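**Student:** Take this structure, written in structure tokens, and hold onto it; I'll ask about it next.
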Amino acid sequence: MDTAPPVTETITRRFSCRTYIDKPIPDKERTLLEVFISENKTGPFNTTPKFQLIAAKTEDHEALKGLGTYGFIKGASGFIIGSTVKNLDYNLEDYGYVMERIILFATSIGLGTCWLGGSFNKSTFSQKILAKQDEFVPAVAAIGNIASKRRFFDKAIRWSAKATKRKHWNKLYFQETFDGILLPETIDSFSVPLDMVRLAPSASNRQPWRIIKEKDQNVFHFFLQRTKNYYERNKKMFKMADLQRVDMGIAICHFDMTCKEIGIEGKWTVEGPEIKNLPELTNYLVTWSETTE
Ligand SMILES: Cc1cc2nc3c(=O)[nH]c(=O)nc-3n(C[C@H](O)[C@H](O)[C@H](O)COP(=O)(O)O)c2cc1C
């Protein structure tokens, strides 16, 4: 049995792959992925989005018929499609968490992936996984064998989203309040999970995650800082889901998996901490606290 690479290595290696070698995912990897999907279903908020791998088993791509990505993706041999229940608290955060776990697993076995929250045909993808009336597909992921050379279009999208860039540490992480400076060298090994959050993918690379650490305690409050009009505009024009909530689930996944791997135990709770002077468009989501038994 092959041993899995460290999650920090997998997170660092992951990127949005939009150009694939047009051939099926090897049987071994496909089976591993299907087993992983069937065994990892629940997010930290206890909702259970449903996921399915739709993969072409031969070059003729019959299984992928109609699953359009408006030219954003070339040669993918499959998609991970999921659905969640509409109007359920934390449905999108859990969706982001569970899908990102699948994406990191796929990365760890050598496959390429790309989250798609806008560039996919919503109705055909929903039909493909037989989403019920009270369910919807907020986003999907393309999956396949990574091509060694990117297309020009792929390079152009990465350039426009500044895909390799991330916001500076001190724009994302704070101590006690949004004015308090959090120095990585003062928080022991916690700088590692925070570094891994910074590498998370996010819709249009907007990186809406903000985290406040409490003074003298290993307690981290997660906030969503929305991009002005992003959701409203994309919903109206493209019927997109609230992708910045999905981004939060992804960030929580990176934090959680990294803590677990480096042996730090903790729990997620929704507490409503009293943080004064929240910046504009910023809302509290959840708190991670270290548990020492
Ligand atoms: C929720 C979500 C939705 C996304 N939707 C799209 C999309 O519709 N089309 C696309 O080409 N990339 C999409 N992306 C990929 C982002 O553009 C990408 O994660 C970001 O630019 C950072 O680049 P990286 O993933 O290579 O680190 C999405 C990412 C996330 C997390």
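Note on naming: chains are A, B, ... as they come in the structure tokens, residues start from 1 per chain, ligands start from 1 in the order shown.
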Please run DSSP on the backbone and report, as an NGL selection string, all residues within range 14-198 of chain A that come out as strand (DSSP E or B).
**Tutor:** :A and (16 or 19-21 or 50-55 or 74 or 78-85 or 112-116 or 135-136 or 140-146 or 173-175 or 181)
**Student:** Based on the backbone DSSP call, show me all residues of range 76-266 of chain A assigned alpha helix (DSSP H), as a PyMOL selection string.
**Tutor:** chain A and resi 91-108+122-128+152-160+169-172+191-198+230-238+243-261
**Student:** Can you pull out every residue with an atom within 6 Å of ligand 1? Use only C-alpha atoms and all ligand atoms and format it as a list in words.
**Tutor:** Phe15, Ser16, Phe72, Trp115, Leu116, Gly117, Gly118, Ser119, Ala161, Ala163, Thr164, Pro201, Ser202, Ala203, Ser204, Asn205, Leu243, Val246 and Asp247 of chain A
**Student:** Deliver the residues from the most recent selection as a file, using N, CA and C atoms, as a short mmCIF file (atom, residue, chain, number, x, y, z; two decimals), in the first residue's frame.
**Tutor:**
```
data_model
loop_
_atom_site.label_atom_id
_atom_site.label_comp_id
_atom_site.auth_asym_id
_atom_site.auth_seq_id
_atom_site.Cartn_x
_atom_site.Cartn_y
_atom_site.Cartn_z
N PHE A 15 -3.05 22.97 -7.66
CA PHE A 15 -3.31 24.21 -8.41
C PHE A 15 -4.53 23.95 -9.28
N SER A 16 -5.14 25.00 -9.78
CA SER A 16 -6.31 24.82 -10.65
C SER A 16 -5.82 24.41 -12.03
N PHE A 72 -13.58 26.56 -20.53
CA PHE A 72 -12.61 26.81 -19.46
C PHE A 72 -11.69 25.61 -19.24
N TRP A 115 -11.71 23.57 -9.34
CA TRP A 115 -13.03 23.98 -8.86
C TRP A 115 -13.73 24.80 -9.94
N LEU A 116 -15.01 24.56 -10.15
CA LEU A 116 -15.78 25.38 -11.11
C LEU A 116 -17.08 25.82 -10.44
N GLY A 117 -17.17 27.09 -10.16
CA GLY A 117 -18.38 27.61 -9.51
C GLY A 117 -19.23 28.39 -10.49
N GLY A 118 -18.59 28.83 -11.60
CA GLY A 118 -19.33 29.60 -12.59
C GLY A 118 -19.29 28.92 -13.94
N SER A 119 -18.12 28.39 -14.28
CA SER A 119 -17.92 27.87 -15.64
C SER A 119 -18.41 26.43 -15.79
N ALA A 161 -6.63 36.07 -12.82
CA ALA A 161 -7.03 35.84 -11.42
C ALA A 161 -5.83 36.00 -10.47
N ALA A 163 -3.48 33.99 -10.08
CA ALA A 163 -3.68 32.70 -9.39
C ALA A 163 -2.55 32.31 -8.45
N THR A 164 -1.33 32.72 -8.76
CA THR A 164 -0.23 32.29 -7.89
C THR A 164 -0.06 33.25 -6.71
N PRO A 201 -7.55 27.42 -2.60
CA PRO A 201 -8.19 28.02 -3.77
C PRO A 201 -9.41 28.82 -3.33
N SER A 202 -9.76 29.84 -4.06
CA SER A 202 -11.00 30.58 -3.74
C SER A 202 -11.55 31.14 -5.04
N ALA A 203 -12.86 31.36 -5.05
CA ALA A 203 -13.52 31.85 -6.26
C ALA A 203 -12.90 33.17 -6.69
N SER A 204 -12.47 33.25 -7.93
CA SER A 204 -11.77 34.42 -8.50
C SER A 204 -10.56 34.83 -7.65
N ASN A 205 -10.05 33.90 -6.89
CA ASN A 205 -8.88 34.14 -6.01
C ASN A 205 -9.09 35.34 -5.09
N LEU A 243 -20.51 31.65 -3.54
CA LEU A 243 -19.24 30.91 -3.57
C LEU A 243 -18.27 31.31 -2.46
N VAL A 246 -18.56 28.91 0.19
CA VAL A 246 -17.85 27.67 -0.18
C VAL A 246 -16.36 27.86 0.11
N ASP A 247 -15.82 29.05 -0.24
CA ASP A 247 -14.40 29.35 0.03
C ASP A 247 -14.08 29.17 1.51
#
```
**Student:** Could you tell me which of A:Asn46, A:Met248, A:Thr186, A:Gly112 comes closest to Asp216 in chain A if we count only C-alpha atoms?
**Tutor:**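 Between A:Asn46, A:Met248, A:Thr186, A:Gly112, the residue approaching Asp216 in chain A most closely is A:Thr186.
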**Student:** Using only C-alpha atoms, which residue out of A:Val286, A:Ile73, A:Ile212, A:Val192 lies closest to Met257 in chain A?
**Tutor:**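 Closest residue, counting only C-alpha atoms: A:Val192.
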**Student:** I'd like the contact shell of Ile54 in chain A - 9 Å cut-off, only C-alpha atoms, skipping same-chain residues fewer than 3 positions apart - returned as a PDB file with C-alpha atoms, in the first residue's frame.
**Tutor:**
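Output file around-v8.pdb is given in full below:
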```
ATOM      1  CA  ALA A  63     -20.301   9.641 -19.829  1.00  0.00           C
ATOM      2  CA  LEU A  64     -19.373  13.334 -20.005  1.00  0.00           C
ATOM      3  CA  SER A  77     -11.616  12.872 -18.062  1.00  0.00           C
ATOM      4  CA  GLY A  78     -14.191  13.420 -15.379  1.00  0.00           C
ATOM      5  CA  PHE A  79     -15.994  15.663 -12.931  1.00  0.00           C
ATOM      6  CA  ILE A  80     -16.764  15.478  -9.266  1.00  0.00           C
ATOM      7  CA  ILE A  81     -20.321  16.673  -8.962  1.00  0.00           C
ATOM      8  CA  LYS A 128     -26.432  14.069 -14.287  1.00  0.00           C
ATOM      9  CA  ILE A 129     -26.485  13.442 -10.557  1.00  0.00           C
TER      10      ILE A 129
END
```
**Student:** Between A:Cys259, A:Leu33, A:Gly180, A:Glu185, which residue has the minimum interatomic distance to Leu104 in chain A, considering only C-alpha atoms?
**Tutor:**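 Closest to Leu104 in chain A of all the choices is A:Leu33.
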